[in-house]
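Asks: There's a structure below that I have some questions on.
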Amino acid sequence: MTDRLDRALGAYYGLALGDALGMPTQVMSREEVVRVYGTLTGFEPALPDNPVSAGMPAGSVTDDTDQAVIVGRLIDEGRGSIDPLRLAHELLDWEKEMKAKGSFDLLGPSTKAALDAVARGVPTHEAGRHGTTNGAAMRVTPVGIAFAVEPLDSFLDHVVESCQVTHDTTVGIAGAAAVAAAVSTGVDGGTLGEAVAAAVAAARAGARRGHWVAGADIASRIEWAWELVRGLPEAEALDRICALIGTSVASQESVPAAFAVLAVADGEPWRAALLAANLGGDSDTIGAIAGAIAGSVAGLSALPSEAVRTLRTVNSLALEPLTARLLALR
């Protein structure tokens with residue numbers, strides 16, 4: 001149990017690590033990141049002109065971590081089930097809190113559109129029928145902590161519960177399924193290669209759930225992205241990720257981009273999170289996904305202790321009790 005707890009905590013704190021490292025570079029181009037930071041080597045505050053993270057101090061997490069904690073708490077309180085209406089209200093309450101603080105870090109486009117629909121009275125099982133961005137993938141890590149990936153159909157039911165109200169589409173669910181399956185495999189002691197294989201299988205099966213939308217196949221793109229950058233020098237790999245895979249909020253770009261980062265970093269959590277931060281684009285979410293998967297394989301003990309201390313202090317993060325309760329559901 002101790003090893004499994006270390007890996008589960010590695011997943012949650014790895015998510016926060018990638019999120020916080022990518023916070024200052026989100027919505028910047030790769031060229032702009034290089035011009036401003038050279039190579040980002042640690043936590044940095046956001047620039048005052050960043051349209052999303054302006055004013056956030058170094059080491060701050062964003063919506064990726066906040067929403068992953070909300071999902072984890074709802075799984076725990078629901079004893080393994082997520083009430084979609086409750087998730088909708090929790091996300092709306094979170095955005096109200098962010099606005100009250102004067103934050104620009106608000107809900108993503110798919111989530112915002114879906115929750116506006118719920119507020120208008122659209123049923124929760126219909127609200128997410130157009131959600132294709134990475135909001136479900138960024139918050140799904142607690143599903144991977146709480147549930148074993150086999151049997152896959154049952155595991156996907158839990159993934160869909162976490163997606164449905166905002167991202168109930170073939171693309172949205174496939175992206176979330178890939179991340180959750182990789183994390184779950186890591187928590188169970190799997191290698192990085194086994195986590196990637198589980199992600200591809202889950203993405204392929206997840207693409208048969210939800211409302212069909214046009215979009216590249218995420219399972220195929222993960223396999224392609226993994227091979228595309230292997231063996232390349234870091235700077236060249238990052239340029240290739242930006243040029244060919246893409247770093248936008250689209251699930252079929254950012255989820256494969258996170259797996260490409262893992263390939264370049266050979267699964268080392270700190271390196272993977274830093275590489276994602278240096279991409280720009282949706283760097284906080286790409287970092288959160290890569291950090292969660294790498295952390296699930298390597299464990300909390302493989303994350304730099306000083307960085308974890310910073311995450312806890314700056315954000316008042318205390319993920320240990322929630323993580324232990326999620327593991328108890330497994």
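Residues in the structure tokens are numbered from 1 in each chain, the chains being A, B, ... in the order shown, and ligands are numbered from 1 in the order shown.
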Skipping near chain neighbours, those fewer than 4 positions away, what residues fall within 10 Å of stretch 6-13 of chain A using only C-alpha atoms, listed as a ChimeraX atom specification?
Replies: /A:1-2,17-19,65,68-69,72,141-142,144-146,183-184,186-189,269,288-303,307-308,311-312,317-324,326-327
Asks: For stretch 94-103 of chain A, find every residue with an atom within 10 Å (counting only C-alpha atoms), except residues of its own chain fewer than 5 positions away, and show them as a PyMOL selection string.
Replies: chain A and resi 52-56+63+66-67+70+88-89+112
Asks: Filtering to all heavy atoms, could you give me those residues as a PDB file, in the first residue's frame?
Replies:
ATOM      1  N   VAL A  52      -4.031  35.293 -19.207  1.00  0.00           N
ATOM      2  CA  VAL A  52      -4.682  34.288 -18.359  1.00  0.00           C
ATOM      3  C   VAL A  52      -4.108  34.290 -16.941  1.00  0.00           C
ATOM      4  O   VAL A  52      -4.848  34.266 -15.961  1.00  0.00           O
ATOM      5  CB  VAL A  52      -4.541  32.876 -18.975  1.00  0.00           C
ATOM      6  CG1 VAL A  52      -5.195  31.835 -18.072  1.00  0.00           C
ATOM      7  CG2 VAL A  52      -5.157  32.836 -20.359  1.00  0.00           C
ATOM      8  N   SER A  53      -2.778  34.329 -16.822  1.00  0.00           N
ATOM      9  CA  SER A  53      -2.168  34.124 -15.511  1.00  0.00           C
ATOM     10  C   SER A  53      -1.528  35.370 -14.905  1.00  0.00           C
ATOM     11  O   SER A  53      -0.802  35.272 -13.922  1.00  0.00           O
ATOM     12  CB  SER A  53      -1.141  32.984 -15.583  1.00  0.00           C
ATOM     13  OG  SER A  53      -0.255  33.155 -16.664  1.00  0.00           O
ATOM     14  N   ALA A  54      -1.793  36.537 -15.484  1.00  0.00           N
ATOM     15  CA  ALA A  54      -1.208  37.779 -14.963  1.00  0.00           C
ATOM     16  C   ALA A  54      -1.413  37.891 -13.448  1.00  0.00           C
ATOM     17  O   ALA A  54      -2.502  37.649 -12.939  1.00  0.00           O
ATOM     18  CB  ALA A  54      -1.847  38.978 -15.653  1.00  0.00           C
ATOM     19  N   GLY A  55      -0.332  38.227 -12.745  1.00  0.00           N
ATOM     20  CA  GLY A  55      -0.427  38.437 -11.302  1.00  0.00           C
ATOM     21  C   GLY A  55      -0.231  37.197 -10.457  1.00  0.00           C
ATOM     22  O   GLY A  55      -0.186  37.275  -9.225  1.00  0.00           O
ATOM     23  N   MET A  56      -0.112  36.021 -11.089  1.00  0.00           N
ATOM     24  CA  MET A  56       0.040  34.789 -10.306  1.00  0.00           C
ATOM     25  C   MET A  56       1.509  34.608  -9.914  1.00  0.00           C
ATOM     26  O   MET A  56       2.398  34.687 -10.756  1.00  0.00           O
ATOM     27  CB  MET A  56      -0.459  33.574 -11.104  1.00  0.00           C
ATOM     28  CG  MET A  56      -1.950  33.631 -11.380  1.00  0.00           C
ATOM     29  SD  MET A  56      -2.573  32.209 -12.330  1.00  0.00           S
ATOM     30  CE  MET A  56      -2.710  30.980 -11.048  1.00  0.00           C
ATOM     31  N   ASP A  63      -6.413  26.175 -13.057  1.00  0.00           N
ATOM     32  CA  ASP A  63      -7.658  25.411 -13.087  1.00  0.00           C
ATOM     33  C   ASP A  63      -7.422  23.907 -13.194  1.00  0.00           C
ATOM     34  O   ASP A  63      -8.244  23.117 -12.731  1.00  0.00           O
ATOM     35  CB  ASP A  63      -8.559  25.881 -14.224  1.00  0.00           C
ATOM     36  CG  ASP A  63      -7.915  25.820 -15.595  1.00  0.00           C
ATOM     37  OD1 ASP A  63      -6.672  25.826 -15.686  1.00  0.00           O
ATOM     38  OD2 ASP A  63      -8.655  25.778 -16.599  1.00  0.00           O
ATOM     39  N   ASP A  66      -6.977  22.693  -9.600  1.00  0.00           N
ATOM     40  CA  ASP A  66      -8.199  22.982  -8.846  1.00  0.00           C
ATOM     41  C   ASP A  66      -9.329  22.041  -9.255  1.00  0.00           C
ATOM     42  O   ASP A  66     -10.042  21.490  -8.401  1.00  0.00           O
ATOM     43  CB  ASP A  66      -8.649  24.430  -9.095  1.00  0.00           C
ATOM     44  CG  ASP A  66      -7.743  25.453  -8.430  1.00  0.00           C
ATOM     45  OD1 ASP A  66      -6.929  25.067  -7.576  1.00  0.00           O
ATOM     46  OD2 ASP A  66      -7.861  26.652  -8.770  1.00  0.00           O
ATOM     47  N   GLN A  67      -9.501  21.843 -10.567  1.00  0.00           N
ATOM     48  CA  GLN A  67     -10.608  20.994 -11.023  1.00  0.00           C
ATOM     49  C   GLN A  67     -10.337  19.516 -10.766  1.00  0.00           C
ATOM     50  O   GLN A  67     -11.263  18.747 -10.505  1.00  0.00           O
ATOM     51  CB  GLN A  67     -10.897  21.260 -12.497  1.00  0.00           C
ATOM     52  CG  GLN A  67     -11.497  22.645 -12.719  1.00  0.00           C
ATOM     53  CD  GLN A  67     -11.991  22.862 -14.133  1.00  0.00           C
ATOM     54  OE1 GLN A  67     -12.405  21.923 -14.813  1.00  0.00           O
ATOM     55  NE2 GLN A  67     -11.957  24.101 -14.584  1.00  0.00           N
ATOM     56  N   ILE A  70     -11.442  19.038  -7.299  1.00  0.00           N
ATOM     57  CA  ILE A  70     -12.913  18.990  -7.231  1.00  0.00           C
ATOM     58  C   ILE A  70     -13.423  17.606  -7.640  1.00  0.00           C
ATOM     59  O   ILE A  70     -14.258  17.000  -6.959  1.00  0.00           O
ATOM     60  CB  ILE A  70     -13.541  20.078  -8.131  1.00  0.00           C
ATOM     61  CG1 ILE A  70     -13.307  21.467  -7.522  1.00  0.00           C
ATOM     62  CG2 ILE A  70     -15.034  19.829  -8.346  1.00  0.00           C
ATOM     63  CD1 ILE A  70     -13.670  22.626  -8.452  1.00  0.00           C
ATOM     64  N   ALA A  88     -21.298  20.092 -12.133  1.00  0.00           N
ATOM     65  CA  ALA A  88     -21.583  21.354 -12.836  1.00  0.00           C
ATOM     66  C   ALA A  88     -21.618  22.517 -11.851  1.00  0.00           C
ATOM     67  O   ALA A  88     -21.005  23.567 -12.081  1.00  0.00           O
ATOM     68  CB  ALA A  88     -22.921  21.243 -13.576  1.00  0.00           C
ATOM     69  N   HIS A  89     -22.321  22.336 -10.742  1.00  0.00           N
ATOM     70  CA  HIS A  89     -22.432  23.426  -9.760  1.00  0.00           C
ATOM     71  C   HIS A  89     -21.096  23.717  -9.085  1.00  0.00           C
ATOM     72  O   HIS A  89     -20.773  24.883  -8.807  1.00  0.00           O
ATOM     73  CB  HIS A  89     -23.523  23.106  -8.744  1.00  0.00           C
ATOM     74  CG  HIS A  89     -24.909  23.221  -9.315  1.00  0.00           C
ATOM     75  ND1 HIS A  89     -25.372  24.373  -9.911  1.00  0.00           N
ATOM     76  CD2 HIS A  89     -25.917  22.317  -9.399  1.00  0.00           C
ATOM     77  CE1 HIS A  89     -26.615  24.182 -10.345  1.00  0.00           C
ATOM     78  NE2 HIS A  89     -26.962  22.942 -10.051  1.00  0.00           N
ATOM     79  N   LYS A 112     -17.229  26.040 -20.191  1.00  0.00           N
ATOM     80  CA  LYS A 112     -18.065  27.241 -20.042  1.00  0.00           C
ATOM     81  C   LYS A 112     -19.368  27.096 -20.827  1.00  0.00           C
ATOM     82  O   LYS A 112     -20.461  27.366 -20.308  1.00  0.00           O
ATOM     83  CB  LYS A 112     -17.274  28.461 -20.532  1.00  0.00           C
ATOM     84  CG  LYS A 112     -17.997  29.782 -20.393  1.00  0.00           C
ATOM     85  CD  LYS A 112     -18.155  30.168 -18.944  1.00  0.00           C
ATOM     86  CE  LYS A 112     -18.856  31.519 -18.804  1.00  0.00           C
ATOM     87  NZ  LYS A 112     -19.405  31.679 -17.453  1.00  0.00           N
TER      88      LYS A 112
END
Asks: For atom CA of A:Asn134 and atom CA of A:Ala114, quote the distance in Å rounded to one decimal.
Replies: 13.6 Å
Asks: Determine, counting only C-alpha atoms, which protein, DNA and RNA residues have an atom within 10 Å of an atom of A:Leu279; residues of the same chain fewer than 3 positions away are not included. Present the result as a PyMOL selection string.
Replies: chain A and resi 22+25-34+39-40+235+237-239+241-242+246-247+257+261+274-276+282-284+286-287
Asks: Quick one: residues within 6 Å of stretch 166-176 of chain A, only C-alpha atoms, excluding same-chain residues fewer than 6 positions away - as JSON, numbers by chain?
Replies: {"A": [111, 114, 128, 129, 131, 132, 136, 137, 203, 206, 207, 209, 210, 211, 212, 251]}
Asks: From a backbone DSSP assignment, name each residue in stretch 164-291 of chain A labelled helix (DSSP H, G or I), as a short mmCIF file (atom, residue, chain, number, x, y, z; two decimals) with N, CA and C atoms, in the first residue's frame.
Replies:
data_model
loop_
_atom_site.label_atom_id
_atom_site.label_comp_id
_atom_site.auth_asym_id
_atom_site.auth_seq_id
_atom_site.Cartn_x
_atom_site.Cartn_y
_atom_site.Cartn_z
N GLN A 164 -18.96 13.70 -18.65
CA GLN A 164 -20.22 13.82 -19.38
C GLN A 164 -20.80 15.23 -19.41
N VAL A 165 -20.82 15.90 -18.29
CA VAL A 165 -21.52 17.18 -18.25
C VAL A 165 -20.86 18.24 -19.12
N THR A 166 -19.58 18.10 -19.42
CA THR A 166 -18.87 19.13 -20.20
C THR A 166 -18.24 18.61 -21.49
N HIS A 167 -17.84 17.34 -21.54
CA HIS A 167 -17.06 16.82 -22.68
C HIS A 167 -17.57 15.44 -23.10
N THR A 170 -16.80 11.88 -28.47
CA THR A 170 -15.82 10.83 -28.76
C THR A 170 -14.40 11.32 -28.50
N VAL A 171 -14.12 12.56 -28.88
CA VAL A 171 -12.78 13.12 -28.72
C VAL A 171 -12.49 13.47 -27.26
N GLY A 172 -13.46 14.11 -26.60
CA GLY A 172 -13.27 14.49 -25.20
C GLY A 172 -13.06 13.29 -24.30
N ILE A 173 -13.86 12.26 -24.51
CA ILE A 173 -13.77 11.05 -23.68
C ILE A 173 -12.50 10.27 -24.00
N ALA A 174 -12.13 10.18 -25.28
CA ALA A 174 -10.90 9.45 -25.64
C ALA A 174 -9.68 10.08 -24.98
N GLY A 175 -9.61 11.42 -24.99
CA GLY A 175 -8.48 12.10 -24.36
C GLY A 175 -8.42 11.85 -22.87
N ALA A 176 -9.57 11.95 -22.21
CA ALA A 176 -9.62 11.72 -20.76
C ALA A 176 -9.31 10.26 -20.44
N ALA A 177 -9.83 9.34 -21.25
CA ALA A 177 -9.59 7.91 -21.02
C ALA A 177 -8.11 7.58 -21.10
N ALA A 178 -7.42 8.19 -22.07
CA ALA A 178 -5.98 7.96 -22.22
C ALA A 178 -5.22 8.36 -20.97
N VAL A 179 -5.51 9.55 -20.45
CA VAL A 179 -4.80 10.05 -19.27
C VAL A 179 -5.13 9.21 -18.05
N ALA A 180 -6.42 8.93 -17.84
CA ALA A 180 -6.83 8.16 -16.67
C ALA A 180 -6.22 6.76 -16.67
N ALA A 181 -6.20 6.11 -17.84
CA ALA A 181 -5.67 4.75 -17.94
C ALA A 181 -4.17 4.73 -17.69
N ALA A 182 -3.47 5.72 -18.22
CA ALA A 182 -2.02 5.79 -17.98
C ALA A 182 -1.73 5.98 -16.50
N VAL A 183 -2.46 6.87 -15.84
CA VAL A 183 -2.27 7.11 -14.40
C VAL A 183 -2.60 5.85 -13.60
N SER A 184 -3.72 5.22 -13.93
CA SER A 184 -4.12 4.01 -13.20
C SER A 184 -3.08 2.91 -13.33
N THR A 185 -2.51 2.77 -14.53
CA THR A 185 -1.48 1.76 -14.76
C THR A 185 -0.23 2.08 -13.94
N GLY A 186 0.14 3.35 -13.90
CA GLY A 186 1.28 3.75 -13.08
C GLY A 186 1.05 3.50 -11.61
N VAL A 187 -0.13 3.85 -11.13
CA VAL A 187 -0.46 3.64 -9.70
C VAL A 187 -0.38 2.15 -9.35
N LEU A 192 6.47 2.92 -17.64
CA LEU A 192 6.03 3.98 -18.55
C LEU A 192 5.49 3.38 -19.85
N GLY A 193 6.17 2.38 -20.40
CA GLY A 193 5.70 1.74 -21.62
C GLY A 193 4.33 1.11 -21.44
N GLU A 194 4.11 0.48 -20.29
CA GLU A 194 2.81 -0.13 -20.02
C GLU A 194 1.73 0.95 -19.86
N ALA A 195 2.09 2.08 -19.25
CA ALA A 195 1.13 3.18 -19.09
C ALA A 195 0.71 3.74 -20.44
N VAL A 196 1.68 3.88 -21.35
CA VAL A 196 1.37 4.39 -22.69
C VAL A 196 0.49 3.40 -23.45
N ALA A 197 0.81 2.12 -23.35
CA ALA A 197 -0.01 1.10 -24.03
C ALA A 197 -1.44 1.12 -23.50
N ALA A 198 -1.59 1.26 -22.19
CA ALA A 198 -2.93 1.32 -21.59
C ALA A 198 -3.67 2.56 -22.06
N ALA A 199 -2.95 3.67 -22.20
CA ALA A 199 -3.56 4.92 -22.67
C ALA A 199 -4.11 4.76 -24.09
N VAL A 200 -3.33 4.13 -24.95
CA VAL A 200 -3.75 3.94 -26.34
C VAL A 200 -4.99 3.05 -26.40
N ALA A 201 -4.98 1.95 -25.64
CA ALA A 201 -6.13 1.04 -25.64
C ALA A 201 -7.38 1.73 -25.10
N ALA A 202 -7.21 2.51 -24.03
CA ALA A 202 -8.36 3.19 -23.43
C ALA A 202 -8.89 4.30 -24.34
N ALA A 203 -7.99 5.01 -25.00
CA ALA A 203 -8.42 6.06 -25.94
C ALA A 203 -9.19 5.46 -27.10
N ARG A 204 -8.72 4.30 -27.57
CA ARG A 204 -9.40 3.65 -28.68
C ARG A 204 -10.82 3.23 -28.27
N ALA A 205 -10.94 2.66 -27.07
CA ALA A 205 -12.26 2.25 -26.58
C ALA A 205 -13.11 3.46 -26.20
N GLY A 206 -12.48 4.49 -25.62
CA GLY A 206 -13.22 5.68 -25.22
C GLY A 206 -13.81 6.43 -26.40
N ILE A 218 -7.40 10.05 -31.31
CA ILE A 218 -6.42 10.35 -30.26
C ILE A 218 -5.49 9.16 -30.01
N ALA A 219 -6.02 7.95 -30.03
CA ALA A 219 -5.16 6.78 -29.83
C ALA A 219 -4.05 6.73 -30.88
N SER A 220 -4.41 6.93 -32.14
CA SER A 220 -3.42 6.90 -33.22
C SER A 220 -2.41 8.05 -33.08
N ARG A 221 -2.90 9.20 -32.66
CA ARG A 221 -2.01 10.36 -32.52
C ARG A 221 -1.05 10.20 -31.34
N ILE A 222 -1.48 9.52 -30.28
CA ILE A 222 -0.56 9.26 -29.16
C ILE A 222 0.58 8.36 -29.64
N GLU A 223 0.23 7.29 -30.35
CA GLU A 223 1.26 6.38 -30.87
C GLU A 223 2.23 7.12 -31.79
N TRP A 224 1.67 7.94 -32.68
CA TRP A 224 2.49 8.69 -33.64
C TRP A 224 3.38 9.71 -32.93
N ALA A 225 2.79 10.44 -31.96
CA ALA A 225 3.54 11.48 -31.24
C ALA A 225 4.70 10.87 -30.44
N TRP A 226 4.45 9.71 -29.87
CA TRP A 226 5.46 9.01 -29.06
C TRP A 226 6.70 8.71 -29.91
N GLU A 227 6.49 8.24 -31.14
CA GLU A 227 7.60 7.88 -32.02
C GLU A 227 8.23 9.11 -32.68
N LEU A 228 7.44 10.14 -32.88
CA LEU A 228 7.88 11.32 -33.63
C LEU A 228 9.09 12.00 -33.01
N VAL A 229 9.17 11.99 -31.67
CA VAL A 229 10.20 12.79 -30.99
C VAL A 229 11.28 11.95 -30.30
N GLU A 234 16.39 17.95 -27.08
CA GLU A 234 15.20 18.55 -26.48
C GLU A 234 14.64 19.72 -27.28
N ALA A 235 15.48 20.67 -27.68
CA ALA A 235 14.98 21.86 -28.37
C ALA A 235 14.33 21.48 -29.69
N GLU A 236 14.94 20.55 -30.41
CA GLU A 236 14.37 20.10 -31.68
C GLU A 236 13.05 19.38 -31.46
N ALA A 237 13.00 18.58 -30.40
CA ALA A 237 11.76 17.86 -30.08
C ALA A 237 10.63 18.84 -29.76
N LEU A 238 10.93 19.87 -28.98
CA LEU A 238 9.91 20.86 -28.63
C LEU A 238 9.40 21.59 -29.87
N ASP A 239 10.32 21.96 -30.75
CA ASP A 239 9.91 22.62 -32.00
C ASP A 239 9.01 21.71 -32.84
N ARG A 240 9.35 20.43 -32.85
CA ARG A 240 8.56 19.47 -33.64
C ARG A 240 7.17 19.27 -33.03
N ILE A 241 7.11 19.23 -31.70
CA ILE A 241 5.81 19.12 -31.03
C ILE A 241 4.92 20.30 -31.41
N CYS A 242 5.48 21.51 -31.35
CA CYS A 242 4.70 22.70 -31.68
C CYS A 242 4.26 22.71 -33.15
N ALA A 243 5.18 22.32 -34.05
CA ALA A 243 4.90 22.41 -35.48
C ALA A 243 3.94 21.33 -35.97
N LEU A 244 4.07 20.12 -35.44
CA LEU A 244 3.33 18.98 -36.01
C LEU A 244 2.22 18.43 -35.11
N ILE A 245 2.48 18.35 -33.82
CA ILE A 245 1.46 17.78 -32.92
C ILE A 245 0.48 18.87 -32.49
N SER A 251 -8.19 18.53 -27.65
CA SER A 251 -7.75 17.27 -27.06
C SER A 251 -6.79 16.53 -27.98
N GLN A 252 -7.06 16.55 -29.29
CA GLN A 252 -6.24 15.77 -30.21
C GLN A 252 -4.87 16.40 -30.44
N GLU A 253 -4.63 17.59 -29.90
CA GLU A 253 -3.29 18.19 -29.91
C GLU A 253 -2.62 18.04 -28.53
N SER A 254 -3.25 18.58 -27.49
CA SER A 254 -2.58 18.67 -26.20
C SER A 254 -2.36 17.31 -25.53
N VAL A 255 -3.28 16.37 -25.70
CA VAL A 255 -3.07 15.05 -25.06
C VAL A 255 -1.91 14.31 -25.73
N PRO A 256 -1.87 14.17 -27.07
CA PRO A 256 -0.67 13.57 -27.68
C PRO A 256 0.61 14.36 -27.39
N ALA A 257 0.52 15.69 -27.30
CA ALA A 257 1.70 16.50 -26.98
C ALA A 257 2.27 16.11 -25.61
N ALA A 258 1.39 15.82 -24.65
CA ALA A 258 1.85 15.40 -23.31
C ALA A 258 2.60 14.07 -23.39
N PHE A 259 2.11 13.15 -24.22
CA PHE A 259 2.80 11.87 -24.37
C PHE A 259 4.14 12.05 -25.10
N ALA A 260 4.20 12.99 -26.04
CA ALA A 260 5.47 13.28 -26.70
C ALA A 260 6.49 13.81 -25.70
N VAL A 261 6.04 14.68 -24.82
CA VAL A 261 6.91 15.22 -23.76
C VAL A 261 7.44 14.09 -22.88
N LEU A 262 6.56 13.14 -22.55
CA LEU A 262 6.98 11.98 -21.74
C LEU A 262 8.04 11.16 -22.46
N ALA A 263 7.90 11.04 -23.77
CA ALA A 263 8.88 10.27 -24.55
C ALA A 263 10.24 10.95 -24.51
N VAL A 264 10.26 12.27 -24.68
CA VAL A 264 11.52 13.02 -24.67
C VAL A 264 12.18 12.94 -23.28
N ALA A 265 11.35 13.05 -22.24
CA ALA A 265 11.86 13.06 -20.86
C ALA A 265 12.12 11.66 -20.32
N PRO A 269 9.65 12.88 -14.08
CA PRO A 269 8.58 13.86 -13.86
C PRO A 269 9.02 15.32 -13.95
N TRP A 270 10.10 15.69 -13.29
CA TRP A 270 10.53 17.09 -13.29
C TRP A 270 10.90 17.54 -14.71
N ARG A 271 11.64 16.68 -15.41
CA ARG A 271 12.06 17.01 -16.77
C ARG A 271 10.86 17.11 -17.70
N ALA A 272 9.90 16.18 -17.56
CA ALA A 272 8.70 16.22 -18.40
C ALA A 272 7.92 17.51 -18.17
N ALA A 273 7.76 17.88 -16.91
CA ALA A 273 7.00 19.09 -16.58
C ALA A 273 7.71 20.34 -17.12
N LEU A 274 9.02 20.38 -17.02
CA LEU A 274 9.78 21.53 -17.53
C LEU A 274 9.70 21.61 -19.05
N LEU A 275 9.82 20.47 -19.71
CA LEU A 275 9.72 20.47 -21.18
C LEU A 275 8.37 21.04 -21.62
N ALA A 276 7.30 20.62 -20.94
CA ALA A 276 5.96 21.12 -21.28
C ALA A 276 5.89 22.62 -21.07
N ALA A 277 6.47 23.11 -19.99
CA ALA A 277 6.45 24.55 -19.70
C ALA A 277 7.14 25.34 -20.81
N SER A 283 0.47 25.14 -22.18
CA SER A 283 1.59 24.48 -21.50
C SER A 283 1.24 23.99 -20.11
N ASP A 284 0.35 24.69 -19.40
CA ASP A 284 0.01 24.23 -18.05
C ASP A 284 -0.75 22.91 -18.08
N THR A 285 -1.65 22.77 -19.06
CA THR A 285 -2.42 21.51 -19.15
C THR A 285 -1.55 20.38 -19.70
N ILE A 286 -0.74 20.66 -20.70
CA ILE A 286 0.17 19.62 -21.22
C ILE A 286 1.11 19.16 -20.09
N GLY A 287 1.61 20.12 -19.31
CA GLY A 287 2.47 19.79 -18.17
C GLY A 287 1.74 19.01 -17.09
N ALA A 288 0.49 19.40 -16.83
CA ALA A 288 -0.30 18.70 -15.80
C ALA A 288 -0.52 17.24 -16.18
N ILE A 289 -0.85 17.01 -17.46
CA ILE A 289 -1.08 15.63 -17.92
C ILE A 289 0.22 14.82 -17.88
N ALA A 290 1.28 15.39 -18.45
CA ALA A 290 2.57 14.68 -18.46
C ALA A 290 3.08 14.45 -17.03
N GLY A 291 2.93 15.46 -16.17
CA GLY A 291 3.39 15.32 -14.79
C GLY A 291 2.61 14.27 -14.01
#
Asks: Out of A:Met138, A:Cys163, A:Met23, A:Leu5, which residue has the shortest atom-to-atom distance to A:His125 when counting only C-alpha atoms?
Replies: A:Cys163
